[in-house]
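Text of start_11.tsv (TSV, N, CA and C atoms) as supplied:
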```tsv
chain	number	residue	atom	x	y	z
A	69	MET	N	0.85	-1.19	0.00
A	69	MET	CA	0.00	0.00	0.00
A	69	MET	C	0.88	1.24	0.00
A	70	HIS	N	0.51	2.21	-0.80
A	70	HIS	CA	1.25	3.46	-0.89
A	70	HIS	C	0.90	4.37	0.28
A	71	TRP	N	1.90	4.78	1.04
A	71	TRP	CA	1.69	5.62	2.22
A	71	TRP	C	1.75	7.08	1.83
A	72	MET	N	0.82	7.87	2.36
A	72	MET	CA	0.83	9.29	2.07
A	72	MET	C	0.18	10.07	3.21
A	73	ILE	N	0.77	11.21	3.52
A	73	ILE	CA	0.15	12.17	4.43
A	73	ILE	C	-0.35	13.31	3.56
A	74	SER	N	-1.62	13.64	3.70
A	74	SER	CA	-2.21	14.73	2.93
A	74	SER	C	-2.71	15.78	3.92
A	75	ARG	N	-2.58	17.05	3.56
A	75	ARG	CA	-2.99	18.13	4.44
A	75	ARG	C	-4.02	19.03	3.77
A	76	ALA	N	-4.94	19.57	4.58
A	76	ALA	CA	-5.97	20.48	4.07
A	76	ALA	C	-6.44	21.37	5.21
A	77	ILE	N	-7.27	22.34	4.88
A	77	ILE	CA	-7.82	23.26	5.87
A	77	ILE	C	-9.34	23.11	5.87
A	78	PHE	N	-9.92	22.90	7.06
A	78	PHE	CA	-11.36	22.69	7.20
A	78	PHE	C	-11.91	23.49	8.36
A	79	ASP	N	-13.16	23.91	8.21
A	79	ASP	CA	-13.91	24.48	9.32
A	79	ASP	C	-14.65	23.34	9.99
A	80	VAL	N	-14.62	23.30	11.33
A	80	VAL	CA	-15.33	22.25	12.07
A	80	VAL	C	-16.72	22.75	12.44
A	81	LYS	N	-17.69	21.90	12.20
A	81	LYS	CA	-19.07	22.18	12.61
A	81	LYS	C	-19.48	21.07	13.57
A	82	VAL	N	-19.99	21.46	14.73
A	82	VAL	CA	-20.41	20.51	15.75
A	82	VAL	C	-21.94	20.50	15.79
A	83	ILE	N	-22.52	19.29	15.65
A	83	ILE	CA	-23.99	19.17	15.71
A	83	ILE	C	-24.39	18.09	16.70
A	84	ARG	N	-25.65	18.12	17.09
A	84	ARG	CA	-26.17	17.21	18.11
A	84	ARG	C	-26.21	15.75	17.72
A	85	ASP	N	-26.76	15.47	16.57
A	85	ASP	CA	-27.19	14.10	16.27
A	85	ASP	C	-26.15	13.21	15.61
A	86	PHE	N	-24.89	13.51	15.76
A	86	PHE	CA	-23.85	12.66	15.16
A	86	PHE	C	-23.15	11.89	16.27
A	87	GLU	N	-23.44	10.60	16.36
A	87	GLU	CA	-22.73	9.77	17.33
A	87	GLU	C	-21.91	8.76	16.55
A	88	HIS	N	-20.61	8.75	16.76
A	88	HIS	CA	-19.69	7.84	16.07
A	88	HIS	C	-19.70	8.05	14.56
A	89	ARG	N	-19.91	9.30	14.15
A	89	ARG	CA	-19.99	9.63	12.73
A	89	ARG	C	-19.30	10.97	12.48
A	90	ALA	N	-18.79	11.13	11.28
A	90	ALA	CA	-18.23	12.41	10.83
A	90	ALA	C	-18.56	12.58	9.36
A	91	ASP	N	-18.82	13.82	8.95
A	91	ASP	CA	-19.07	14.13	7.54
A	91	ASP	C	-17.97	15.03	7.03
A	92	LEU	N	-17.48	14.70	5.86
A	92	LEU	CA	-16.42	15.46	5.22
A	92	LEU	C	-17.01	16.14	3.99
A	93	LEU	N	-17.05	17.46	4.01
A	93	LEU	CA	-17.53	18.24	2.86
A	93	LEU	C	-16.32	18.99	2.33
A	94	GLY	N	-15.68	18.39	1.34
A	94	GLY	CA	-14.46	18.96	0.79
A	94	GLY	C	-14.55	19.10	-0.71
A	95	GLU	N	-13.42	19.40	-1.32
A	95	GLU	CA	-13.38	19.62	-2.76
A	95	GLU	C	-14.37	20.71	-3.17
A	96	CYS	N	-14.49	21.73	-2.32
A	96	CYS	CA	-15.43	22.82	-2.58
A	96	CYS	C	-14.95	23.67	-3.74
A	97	GLY	N	-15.81	23.82	-4.72
A	97	GLY	CA	-15.46	24.58	-5.91
A	97	GLY	C	-15.13	26.03	-5.64
A	98	GLY	N	-15.79	26.64	-4.65
A	98	GLY	CA	-15.57	28.05	-4.38
A	98	GLY	C	-14.59	28.32	-3.26
A	99	SER	N	-14.02	27.29	-2.66
A	99	SER	CA	-13.16	27.50	-1.51
A	99	SER	C	-11.73	27.86	-1.89
A	100	PRO	N	-11.19	28.90	-1.27
A	100	PRO	CA	-9.78	29.22	-1.49
A	100	PRO	C	-8.86	28.39	-0.58
A	101	LEU	N	-9.46	27.57	0.30
A	101	LEU	CA	-8.69	26.79	1.26
A	101	LEU	C	-8.01	25.60	0.60
A	102	ARG	N	-6.89	25.19	1.16
A	102	ARG	CA	-6.15	24.04	0.66
A	102	ARG	C	-7.00	22.77	0.79
A	103	GLN	N	-7.04	21.97	-0.28
A	103	GLN	CA	-7.81	20.73	-0.33
A	103	GLN	C	-6.87	19.53	-0.11
A	104	PHE	N	-7.45	18.38	0.30
A	104	PHE	CA	-6.67	17.15	0.33
A	104	PHE	C	-6.28	16.79	-1.09
A	105	ASN	N	-5.09	16.24	-1.27
A	105	ASN	CA	-4.67	15.84	-2.62
A	105	ASN	C	-4.89	14.35	-2.85
A	106	VAL	N	-5.72	13.73	-2.04
A	106	VAL	CA	-6.11	12.32	-2.21
A	106	VAL	C	-7.62	12.22	-2.04
A	107	THR	N	-8.21	11.20	-2.62
A	107	THR	CA	-9.62	10.91	-2.40
A	107	THR	C	-9.72	10.09	-1.13
A	108	ILE	N	-10.60	10.50	-0.24
A	108	ILE	CA	-10.77	9.79	1.03
A	108	ILE	C	-12.11	9.07	0.98
A	109	PRO	N	-12.08	7.73	0.86
A	109	PRO	CA	-13.34	6.99	0.74
A	109	PRO	C	-14.09	6.92	2.08
A	110	ASN	N	-15.40	6.72	1.98
A	110	ASN	CA	-16.22	6.51	3.17
A	110	ASN	C	-15.69	5.30	3.94
A	111	GLY	N	-15.97	5.27	5.23
A	111	GLY	CA	-15.57	4.12	6.04
A	111	GLY	C	-15.03	4.54	7.38
A	112	ARG	N	-14.50	3.57	8.10
A	112	ARG	CA	-13.97	3.81	9.45
A	112	ARG	C	-12.69	4.62	9.38
A	113	VAL	N	-12.59	5.63	10.24
A	113	VAL	CA	-11.39	6.44	10.39
A	113	VAL	C	-11.20	6.75	11.87
A	114	ILE	N	-10.01	7.20	12.18
A	114	ILE	CA	-9.70	7.67	13.54
A	114	ILE	C	-9.55	9.18	13.46
A	115	LEU	N	-10.17	9.88	14.41
A	115	LEU	CA	-9.98	11.32	14.55
A	115	LEU	C	-9.07	11.53	15.75
A	116	ARG	N	-8.07	12.39	15.60
A	116	ARG	CA	-7.10	12.59	16.67
A	116	ARG	C	-6.81	14.08	16.84
A	117	LYS	N	-6.67	14.48	18.10
A	117	LYS	CA	-6.16	15.81	18.43
A	117	LYS	C	-5.36	15.63	19.71
A	118	GLY	N	-4.07	15.89	19.61
A	118	GLY	CA	-3.19	15.63	20.75
A	118	GLY	C	-3.17	14.13	21.04
A	119	ASN	N	-3.39	13.75	22.30
A	119	ASN	CA	-3.40	12.34	22.68
A	119	ASN	C	-4.79	11.70	22.59
A	120	ALA	N	-5.81	12.52	22.34
A	120	ALA	CA	-7.18	12.00	22.29
A	120	ALA	C	-7.48	11.42	20.91
A	121	LYS	N	-8.17	10.27	20.90
A	121	LYS	CA	-8.56	9.61	19.65
A	121	LYS	C	-10.01	9.16	19.73
A	122	VAL	N	-10.71	9.24	18.59
A	122	VAL	CA	-12.09	8.78	18.51
A	122	VAL	C	-12.28	8.05	17.18
A	123	PRO	N	-12.73	6.78	17.21
A	123	PRO	CA	-13.06	6.09	15.96
A	123	PRO	C	-14.46	6.50	15.51
A	124	VAL	N	-14.62	6.79	14.22
A	124	VAL	CA	-15.93	7.19	13.68
A	124	VAL	C	-16.10	6.60	12.28
A	125	SER	N	-17.33	6.61	11.81
A	125	SER	CA	-17.62	6.29	10.41
A	125	SER	C	-17.62	7.59	9.64
A	126	LEU	N	-16.84	7.66	8.56
A	126	LEU	CA	-16.72	8.86	7.76
A	126	LEU	C	-17.62	8.76	6.54
A	127	PHE	N	-18.34	9.86	6.27
A	127	PHE	CA	-19.18	9.96	5.09
A	127	PHE	C	-18.77	11.21	4.32
A	128	ASN	N	-18.58	11.07	3.03
A	128	ASN	CA	-18.26	12.21	2.17
A	128	ASN	C	-19.55	12.80	1.62
A	129	SER	N	-19.62	14.12	1.63
A	129	SER	CA	-20.75	14.81	1.03
A	129	SER	C	-20.28	15.51	-0.24
A	130	ASP	N	-21.19	15.73	-1.16
A	130	ASP	CA	-20.87	16.42	-2.40
A	130	ASP	C	-20.57	17.88	-2.10
A	131	GLY	N	-19.36	18.32	-2.41
A	131	GLY	CA	-18.96	19.67	-2.10
A	131	GLY	C	-18.76	20.56	-3.29
A	132	SER	N	-19.32	20.23	-4.42
A	132	SER	CA	-19.03	20.96	-5.64
A	132	SER	C	-19.43	22.43	-5.59
A	133	GLU	N	-20.45	22.78	-4.82
A	133	GLU	CA	-20.92	24.16	-4.82
A	133	GLU	C	-20.73	24.87	-3.48
A	134	CYS	N	-20.01	24.29	-2.54
A	134	CYS	CA	-19.80	24.94	-1.25
A	134	CYS	C	-18.67	25.98	-1.35
A	135	ILE	N	-18.60	26.86	-0.36
A	135	ILE	CA	-17.55	27.88	-0.40
A	135	ILE	C	-16.42	27.62	0.59
A	136	ASP	N	-16.64	26.76	1.57
A	136	ASP	CA	-15.58	26.39	2.52
A	136	ASP	C	-15.66	24.90	2.81
A	137	ASN	N	-14.51	24.28	3.02
A	137	ASN	CA	-14.45	22.88	3.41
A	137	ASN	C	-14.98	22.76	4.84
A	138	VAL	N	-15.84	21.77	5.09
A	138	VAL	CA	-16.44	21.61	6.41
A	138	VAL	C	-16.28	20.16	6.86
A	139	PHE	N	-15.87	19.99	8.12
A	139	PHE	CA	-15.76	18.68	8.74
A	139	PHE	C	-16.76	18.69	9.90
A	140	THR	N	-17.82	17.86	9.81
A	140	THR	CA	-18.89	17.86	10.81
A	140	THR	C	-18.73	16.68	11.75
A	141	VAL	N	-18.82	16.96	13.06
A	141	VAL	CA	-18.74	15.92	14.09
A	141	VAL	C	-19.85	16.17	15.11
A	142	GLY	N	-20.10	15.16	15.93
A	142	GLY	CA	-21.08	15.28	17.00
A	142	GLY	C	-20.49	15.91	18.25
A	143	ILE	N	-21.36	16.25	19.17
A	143	ILE	CA	-20.96	16.93	20.41
A	143	ILE	C	-19.98	16.08	21.22
A	144	ALA	N	-20.27	14.78	21.38
A	144	ALA	CA	-19.39	13.93	22.19
A	144	ALA	C	-17.99	13.83	21.59
A	145	THR	N	-17.92	13.69	20.27
A	145	THR	CA	-16.62	13.64	19.59
A	145	THR	C	-15.87	14.95	19.76
A	146	ALA	N	-16.58	16.07	19.57
A	146	ALA	CA	-15.96	17.39	19.73
A	146	ALA	C	-15.42	17.58	21.15
A	147	CYS	N	-16.20	17.16	22.14
A	147	CYS	CA	-15.75	17.30	23.55
A	147	CYS	C	-14.52	16.44	23.82
A	148	THR	N	-14.53	15.20	23.35
A	148	THR	CA	-13.39	14.31	23.57
A	148	THR	C	-12.11	14.87	22.96
A	149	LEU	N	-12.24	15.45	21.76
A	149	LEU	CA	-11.07	15.95	21.04
A	149	LEU	C	-10.76	17.42	21.36
A	150	GLY	N	-11.67	18.11	22.01
A	150	GLY	CA	-11.46	19.53	22.29
A	150	GLY	C	-11.62	20.38	21.05
A	151	LEU	N	-12.50	19.96	20.13
A	151	LEU	CA	-12.75	20.74	18.91
A	151	LEU	C	-13.80	21.81	19.20
A	152	ILE	N	-13.65	22.96	18.59
A	152	ILE	CA	-14.54	24.10	18.81
A	152	ILE	C	-15.40	24.33	17.57
A	153	ASN	N	-16.69	24.47	17.79
A	153	ASN	CA	-17.63	24.71	16.69
A	153	ASN	C	-17.25	25.98	15.93
A	154	GLU	N	-17.30	25.88	14.61
A	154	GLU	CA	-17.02	26.98	13.69
A	154	GLU	C	-15.59	27.51	13.80
A	155	ARG	N	-14.68	26.66	14.21
A	155	ARG	CA	-13.25	27.00	14.27
A	155	ARG	C	-12.55	26.35	13.09
A	156	ARG	N	-11.56	27.01	12.55
A	156	ARG	CA	-10.81	26.49	11.39
A	156	ARG	C	-9.61	25.69	11.90
A	157	TYR	N	-9.39	24.52	11.27
A	157	TYR	CA	-8.29	23.63	11.65
A	157	TYR	C	-7.48	23.23	10.43
A	158	ASN	N	-6.19	23.03	10.65
A	158	ASN	CA	-5.35	22.34	9.68
A	158	ASN	C	-5.57	20.85	9.95
A	159	LEU	N	-5.90	20.09	8.92
A	159	LEU	CA	-6.10	18.66	9.06
A	159	LEU	C	-5.03	17.91	8.31
A	160	GLN	N	-4.61	16.83	8.91
A	160	GLN	CA	-3.63	15.94	8.28
A	160	GLN	C	-4.29	14.57	8.19
A	161	PHE	N	-4.19	13.92	7.03
A	161	PHE	CA	-4.79	12.60	6.86
A	161	PHE	C	-3.71	11.61	6.47
A	162	ASP	N	-3.60	10.54	7.23
A	162	ASP	CA	-2.66	9.45	6.96
A	162	ASP	C	-3.44	8.37	6.21
A	163	THR	N	-3.08	8.12	4.95
A	163	THR	CA	-3.83	7.20	4.11
A	163	THR	C	-3.71	5.74	4.53
A	164	VAL	N	-2.63	5.38	5.21
A	164	VAL	CA	-2.44	3.97	5.60
A	164	VAL	C	-3.25	3.62	6.83
A	165	ILE	N	-3.15	4.42	7.88
A	165	ILE	CA	-3.89	4.10	9.11
A	165	ILE	C	-5.25	4.79	9.17
A	166	ARG	N	-5.58	5.56	8.10
A	166	ARG	CA	-6.86	6.25	7.99
A	166	ARG	C	-7.14	7.08	9.24
A	167	GLU	N	-6.20	7.98	9.51
A	167	GLU	CA	-6.31	8.83	10.70
A	167	GLU	C	-6.24	10.31	10.32
A	168	PHE	N	-7.22	11.08	10.81
A	168	PHE	CA	-7.21	12.53	10.68
A	168	PHE	C	-6.64	13.11	11.97
A	169	THR	N	-5.71	14.03	11.85
A	169	THR	CA	-5.18	14.74	13.01
A	169	THR	C	-5.53	16.22	12.86
A	170	PHE	N	-6.12	16.79	13.91
A	170	PHE	CA	-6.55	18.18	13.91
A	170	PHE	C	-5.50	19.06	14.59
A	171	PHE	N	-5.16	20.17	13.94
A	171	PHE	CA	-4.25	21.17	14.50
A	171	PHE	C	-4.97	22.52	14.40
A	172	PRO	N	-5.12	23.24	15.53
A	172	PRO	CA	-5.79	24.54	15.45
A	172	PRO	C	-5.07	25.47	14.49
A	173	LYS	N	-5.82	26.16	13.67
A	173	LYS	CA	-5.25	27.14	12.75
A	173	LYS	C	-5.23	28.48	13.48
A	174	PRO	N	-4.10	29.17	13.48
A	174	PRO	CA	-4.06	30.46	14.17
A	174	PRO	C	-5.12	31.42	13.63
A	175	VAL	N	-5.69	32.20	14.55
A	175	VAL	CA	-6.72	33.17	14.20
A	175	VAL	C	-6.13	34.56	14.32
A	176	SER	N	-6.33	35.37	13.31
A	176	SER	CA	-5.86	36.76	13.35
A	176	SER	C	-7.05	37.67	13.60
A	177	ARG	N	-6.84	38.67	14.45
A	177	ARG	CA	-7.89	39.65	14.72
A	177	ARG	C	-7.31	41.04	14.64
A	178	THR	N	-8.15	41.96	14.24
A	178	THR	CA	-7.74	43.35	14.19
A	178	THR	C	-8.96	44.22	14.41
A	179	THR	N	-8.74	45.47	14.73
A	179	THR	CA	-9.82	46.43	14.87
A	179	THR	C	-9.82	47.34	13.66
A	180	ILE	N	-10.99	47.58	13.12
A	180	ILE	CA	-11.11	48.43	11.94
A	180	ILE	C	-11.99	49.62	12.31
A	181	ALA	N	-11.49	50.82	12.06
A	181	ALA	CA	-12.29	52.03	12.28
A	181	ALA	C	-13.10	52.30	11.03
A	182	THR	N	-14.39	52.44	11.21
A	182	THR	CA	-15.30	52.68	10.10
A	182	THR	C	-16.02	54.00	10.34
A	183	ARG	N	-16.15	54.78	9.33
A	183	ARG	CA	-16.86	56.06	9.44
A	183	ARG	C	-18.29	55.89	8.95
A	184	ILE	N	-19.23	56.30	9.79
A	184	ILE	CA	-20.64	56.34	9.42
A	184	ILE	C	-21.05	57.81	9.55
A	185	GLY	N	-21.13	58.46	8.42
A	185	GLY	CA	-21.36	59.91	8.44
A	185	GLY	C	-20.15	60.58	9.06
A	186	ASN	N	-20.37	61.37	10.12
A	186	ASN	CA	-19.28	62.04	10.82
A	186	ASN	C	-18.77	61.25	12.01
A	187	LYS	N	-19.40	60.12	12.30
A	187	LYS	CA	-19.04	59.33	13.48
A	187	LYS	C	-18.12	58.18	13.09
A	188	VAL	N	-17.04	57.99	13.86
A	188	VAL	CA	-16.13	56.86	13.67
A	188	VAL	C	-16.52	55.76	14.62
A	189	VAL	N	-16.76	54.58	14.06
A	189	VAL	CA	-17.17	53.42	14.86
A	189	VAL	C	-16.10	52.36	14.72
A	190	GLU	N	-15.66	51.77	15.85
A	190	GLU	CA	-14.69	50.67	15.79
A	190	GLU	C	-15.44	49.36	15.83
A	191	SER	N	-14.99	48.43	15.01
A	191	SER	CA	-15.61	47.11	15.02
A	191	SER	C	-14.57	46.05	14.84
```
What is this file in structure tokens?
Amino acid sequence: MHWMISRAIFDVKVIRDFEHRADLLGECGGSPLRQFNVTIPNGRVILRKGNAKVPVSLFNSDGSECIDNVFTVGIATACTLGLINERRYNLQFDTVIREFTFFPKPVSRTTIATRIGNKVVES
């Protein structure tokens, strides 16, 4: 078997009704984010962040018209791994052991002064 590590950037979405399941919405036509350079078939995978691991069934969704890559997990999985809803992560996928590893993507923030008429508003 050919071994490969593939990397991509995904937004994590946490929902209630996913137990032992994850959905991968990638290959988004409108996304400027880095995509996996391998096809990841449905089936059992391991999700990992740090020392925490969770086995789940992975399902691929059609992402042809989405604007951002999304990785959806359930609340219990998110809590075990310490994943934050609507947070962007660097993901690494090992094709041999079928393991996704999550790395938090740094977030940049700034303040922008906007003028509304004669009033300056910071946001």
How close does region 121-144 of chain A get to region 108-111 of chain A? List, as JSON lines, each residue of region 121-144 of chain A within 7 Å, its nearest atom pair and the distance in Å to one decimal, counting all atoms listed in the file.
```
{"residue": "A:Val124", "atom": "C", "partner": "A:Gly111", "partner_atom": "C", "distance": 5.4}
{"residue": "A:Ser125", "atom": "CA", "partner": "A:Gly111", "partner_atom": "C", "distance": 4.4}
{"residue": "A:Leu126", "atom": "N", "partner": "A:Gly111", "partner_atom": "C", "distance": 3.8}
{"residue": "A:Phe127", "atom": "CA", "partner": "A:Asn110", "partner_atom": "CA", "distance": 4.9}
{"residue": "A:Asn128", "atom": "N", "partner": "A:Asn110", "partner_atom": "CA", "distance": 5.1}
```
Non-local contacts of region 88-91 of chain A (12 Å; only C-alpha atoms; under 4 positions in same chain excluded) as a PyMOL selection string: chain A and resi 78-84+108-115+121-131+137-146+148+168
Store the residues picked out above, limited to N, CA and C atoms, as an mmCIF file, keeping the file's coordinate frame.
```cif
data_model
loop_
_atom_site.group_PDB
_atom_site.id
_atom_site.type_symbol
_atom_site.label_atom_id
_atom_site.label_comp_id
_atom_site.auth_asym_id
_atom_site.auth_seq_id
_atom_site.Cartn_x
_atom_site.Cartn_y
_atom_site.Cartn_z
ATOM 1 N N PHE A 78 -9.920 22.900 7.060
ATOM 2 C CA PHE A 78 -11.360 22.690 7.200
ATOM 3 C C PHE A 78 -11.910 23.490 8.360
ATOM 4 N N ASP A 79 -13.160 23.910 8.210
ATOM 5 C CA ASP A 79 -13.910 24.480 9.320
ATOM 6 C C ASP A 79 -14.650 23.340 9.990
ATOM 7 N N VAL A 80 -14.620 23.300 11.330
ATOM 8 C CA VAL A 80 -15.330 22.250 12.070
ATOM 9 C C VAL A 80 -16.720 22.750 12.440
ATOM 10 N N LYS A 81 -17.690 21.900 12.200
ATOM 11 C CA LYS A 81 -19.070 22.180 12.610
ATOM 12 C C LYS A 81 -19.480 21.070 13.570
ATOM 13 N N VAL A 82 -19.990 21.460 14.730
ATOM 14 C CA VAL A 82 -20.410 20.510 15.750
ATOM 15 C C VAL A 82 -21.940 20.500 15.790
ATOM 16 N N ILE A 83 -22.520 19.290 15.650
ATOM 17 C CA ILE A 83 -23.990 19.170 15.710
ATOM 18 C C ILE A 83 -24.390 18.090 16.700
ATOM 19 N N ARG A 84 -25.650 18.120 17.090
ATOM 20 C CA ARG A 84 -26.170 17.210 18.110
ATOM 21 C C ARG A 84 -26.210 15.750 17.720
ATOM 22 N N ILE A 108 -10.600 10.500 -0.240
ATOM 23 C CA ILE A 108 -10.770 9.790 1.030
ATOM 24 C C ILE A 108 -12.110 9.070 0.980
ATOM 25 N N PRO A 109 -12.080 7.730 0.860
ATOM 26 C CA PRO A 109 -13.340 6.990 0.740
ATOM 27 C C PRO A 109 -14.090 6.920 2.080
ATOM 28 N N ASN A 110 -15.400 6.720 1.980
ATOM 29 C CA ASN A 110 -16.220 6.510 3.170
ATOM 30 C C ASN A 110 -15.690 5.300 3.940
ATOM 31 N N GLY A 111 -15.970 5.270 5.230
ATOM 32 C CA GLY A 111 -15.570 4.120 6.040
ATOM 33 C C GLY A 111 -15.030 4.540 7.380
ATOM 34 N N ARG A 112 -14.500 3.570 8.100
ATOM 35 C CA ARG A 112 -13.970 3.810 9.450
ATOM 36 C C ARG A 112 -12.690 4.620 9.380
ATOM 37 N N VAL A 113 -12.590 5.630 10.240
ATOM 38 C CA VAL A 113 -11.390 6.440 10.390
ATOM 39 C C VAL A 113 -11.200 6.750 11.870
ATOM 40 N N ILE A 114 -10.010 7.200 12.180
ATOM 41 C CA ILE A 114 -9.700 7.670 13.540
ATOM 42 C C ILE A 114 -9.550 9.180 13.460
ATOM 43 N N LEU A 115 -10.170 9.880 14.410
ATOM 44 C CA LEU A 115 -9.980 11.320 14.550
ATOM 45 C C LEU A 115 -9.070 11.530 15.750
ATOM 46 N N LYS A 121 -8.170 10.270 20.900
ATOM 47 C CA LYS A 121 -8.560 9.610 19.650
ATOM 48 C C LYS A 121 -10.010 9.160 19.730
ATOM 49 N N VAL A 122 -10.710 9.240 18.590
ATOM 50 C CA VAL A 122 -12.090 8.780 18.510
ATOM 51 C C VAL A 122 -12.280 8.050 17.180
ATOM 52 N N PRO A 123 -12.730 6.780 17.210
ATOM 53 C CA PRO A 123 -13.060 6.090 15.960
ATOM 54 C C PRO A 123 -14.460 6.500 15.510
ATOM 55 N N VAL A 124 -14.620 6.790 14.220
ATOM 56 C CA VAL A 124 -15.930 7.190 13.680
ATOM 57 C C VAL A 124 -16.100 6.600 12.280
ATOM 58 N N SER A 125 -17.330 6.610 11.810
ATOM 59 C CA SER A 125 -17.620 6.290 10.410
ATOM 60 C C SER A 125 -17.620 7.590 9.640
ATOM 61 N N LEU A 126 -16.840 7.660 8.560
ATOM 62 C CA LEU A 126 -16.720 8.860 7.760
ATOM 63 C C LEU A 126 -17.620 8.760 6.540
ATOM 64 N N PHE A 127 -18.340 9.860 6.270
ATOM 65 C CA PHE A 127 -19.180 9.960 5.090
ATOM 66 C C PHE A 127 -18.770 11.210 4.320
ATOM 67 N N ASN A 128 -18.580 11.070 3.030
ATOM 68 C CA ASN A 128 -18.260 12.210 2.170
ATOM 69 C C ASN A 128 -19.550 12.800 1.620
ATOM 70 N N SER A 129 -19.620 14.120 1.630
ATOM 71 C CA SER A 129 -20.750 14.810 1.030
ATOM 72 C C SER A 129 -20.280 15.510 -0.240
ATOM 73 N N ASP A 130 -21.190 15.730 -1.160
ATOM 74 C CA ASP A 130 -20.870 16.420 -2.400
ATOM 75 C C ASP A 130 -20.570 17.880 -2.100
ATOM 76 N N GLY A 131 -19.360 18.320 -2.410
ATOM 77 C CA GLY A 131 -18.960 19.670 -2.100
ATOM 78 C C GLY A 131 -18.760 20.560 -3.290
ATOM 79 N N ASN A 137 -14.510 24.280 3.020
ATOM 80 C CA ASN A 137 -14.450 22.880 3.410
ATOM 81 C C ASN A 137 -14.980 22.760 4.840
ATOM 82 N N VAL A 138 -15.840 21.770 5.090
ATOM 83 C CA VAL A 138 -16.440 21.610 6.410
ATOM 84 C C VAL A 138 -16.280 20.160 6.860
ATOM 85 N N PHE A 139 -15.870 19.990 8.120
ATOM 86 C CA PHE A 139 -15.760 18.680 8.740
ATOM 87 C C PHE A 139 -16.760 18.690 9.900
ATOM 88 N N THR A 140 -17.820 17.860 9.810
ATOM 89 C CA THR A 140 -18.890 17.860 10.810
ATOM 90 C C THR A 140 -18.730 16.680 11.750
ATOM 91 N N VAL A 141 -18.820 16.960 13.060
ATOM 92 C CA VAL A 141 -18.740 15.920 14.090
ATOM 93 C C VAL A 141 -19.850 16.170 15.110
ATOM 94 N N GLY A 142 -20.100 15.160 15.930
ATOM 95 C CA GLY A 142 -21.080 15.280 17.000
ATOM 96 C C GLY A 142 -20.490 15.910 18.250
ATOM 97 N N ILE A 143 -21.360 16.250 19.170
ATOM 98 C CA ILE A 143 -20.960 16.930 20.410
ATOM 99 C C ILE A 143 -19.980 16.080 21.220
ATOM 100 N N ALA A 144 -20.270 14.780 21.380
ATOM 101 C CA ALA A 144 -19.390 13.930 22.190
ATOM 102 C C ALA A 144 -17.990 13.830 21.590
ATOM 103 N N THR A 145 -17.920 13.690 20.270
ATOM 104 C CA THR A 145 -16.620 13.640 19.590
ATOM 105 C C THR A 145 -15.870 14.950 19.760
ATOM 106 N N ALA A 146 -16.580 16.070 19.570
ATOM 107 C CA ALA A 146 -15.960 17.390 19.730
ATOM 108 C C ALA A 146 -15.420 17.580 21.150
ATOM 109 N N THR A 148 -14.530 15.200 23.350
ATOM 110 C CA THR A 148 -13.390 14.310 23.570
ATOM 111 C C THR A 148 -12.110 14.870 22.960
ATOM 112 N N PHE A 168 -7.220 11.080 10.810
ATOM 113 C CA PHE A 168 -7.210 12.530 10.680
ATOM 114 C C PHE A 168 -6.640 13.110 11.970
#
```
Chain A: residues DSSP assigns to strand (DSSP E or B), reported as a PyMOL selection string: chain A and resi 73-83+89-93+111-117+120-129+138-142+155-162+167-172+181-184+187-190
Between CA of Thr178 (chain A) and CA of Leu93 (chain A), distance in Å (one decimal): 29.2 Å
Backbone-only DSSP, alpha helix (DSSP H) members of chain A, as a PyMOL selection string: chain A and resi 143-149
Using all atoms listed in the file: which of A:Thr169, A:Asn105, A:Thr163, A:Thr182 has the shortest distance to Met72 (chain A):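 Of A:Thr169, A:Asn105, A:Thr163, A:Thr182, the one nearest Met72 (chain A) is A:Thr163, counting all atoms listed in the file.
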Ile77 (chain A) environment, 6 Å, only N, CA and C atoms, sequence neighbours closer than 3 positions dropped, as a ChimeraX atom specification: /A:101-103,137,157-159
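The gap separating CA of Cys96 (chain A) from CA of Ile135 (chain A) is 5.9 Å, in Å to one decimal.
Minimum atom-to-atom distance to Ala120 (chain A), evaluated using only C-alpha atoms, belongs to A:Phe170 out of A:Lys187, A:Ile165, A:Pro100, A:Phe170.
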d(CA of Gly150 (chain A), CA of Cys134 (chain A)) in Å: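 Between CA of Gly150 (chain A) and CA of Cys134 (chain A) the gap works out to 25.6 Å.
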Report, as lines of an AutoDock Vina configuration file, the axis-aligned box around all atoms of region 139-142 of chain A present in the file, extended by 4 Å on each side; give centre and edge lengths in Å to one decimal place.
```
center_x = -18.4
center_y = 17.6
center_z = 13.2
size_x = 13.3
size_y = 12.8
size_z = 18.1
```
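Of the residues listed (A:Glu167, A:Leu92, A:Asn186, A:Pro172), A:Pro172 shows the shortest atom-to-atom separation from Arg155 (chain A); distances use all atoms listed in the file.
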Selected residue of minimal separation from Asp162 (chain A) among A:Phe104, A:Val188, A:Gly94, A:Ser74, counting all atoms listed in the file: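 For Asp162 (chain A), the nearest of the candidates is A:Ser74.
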Residue with smallest distance to Phe171 (chain A) - pool A:Asp85, A:Asn153, A:Glu95, A:Lys117, counting only N, CA and C atoms: A:Lys117
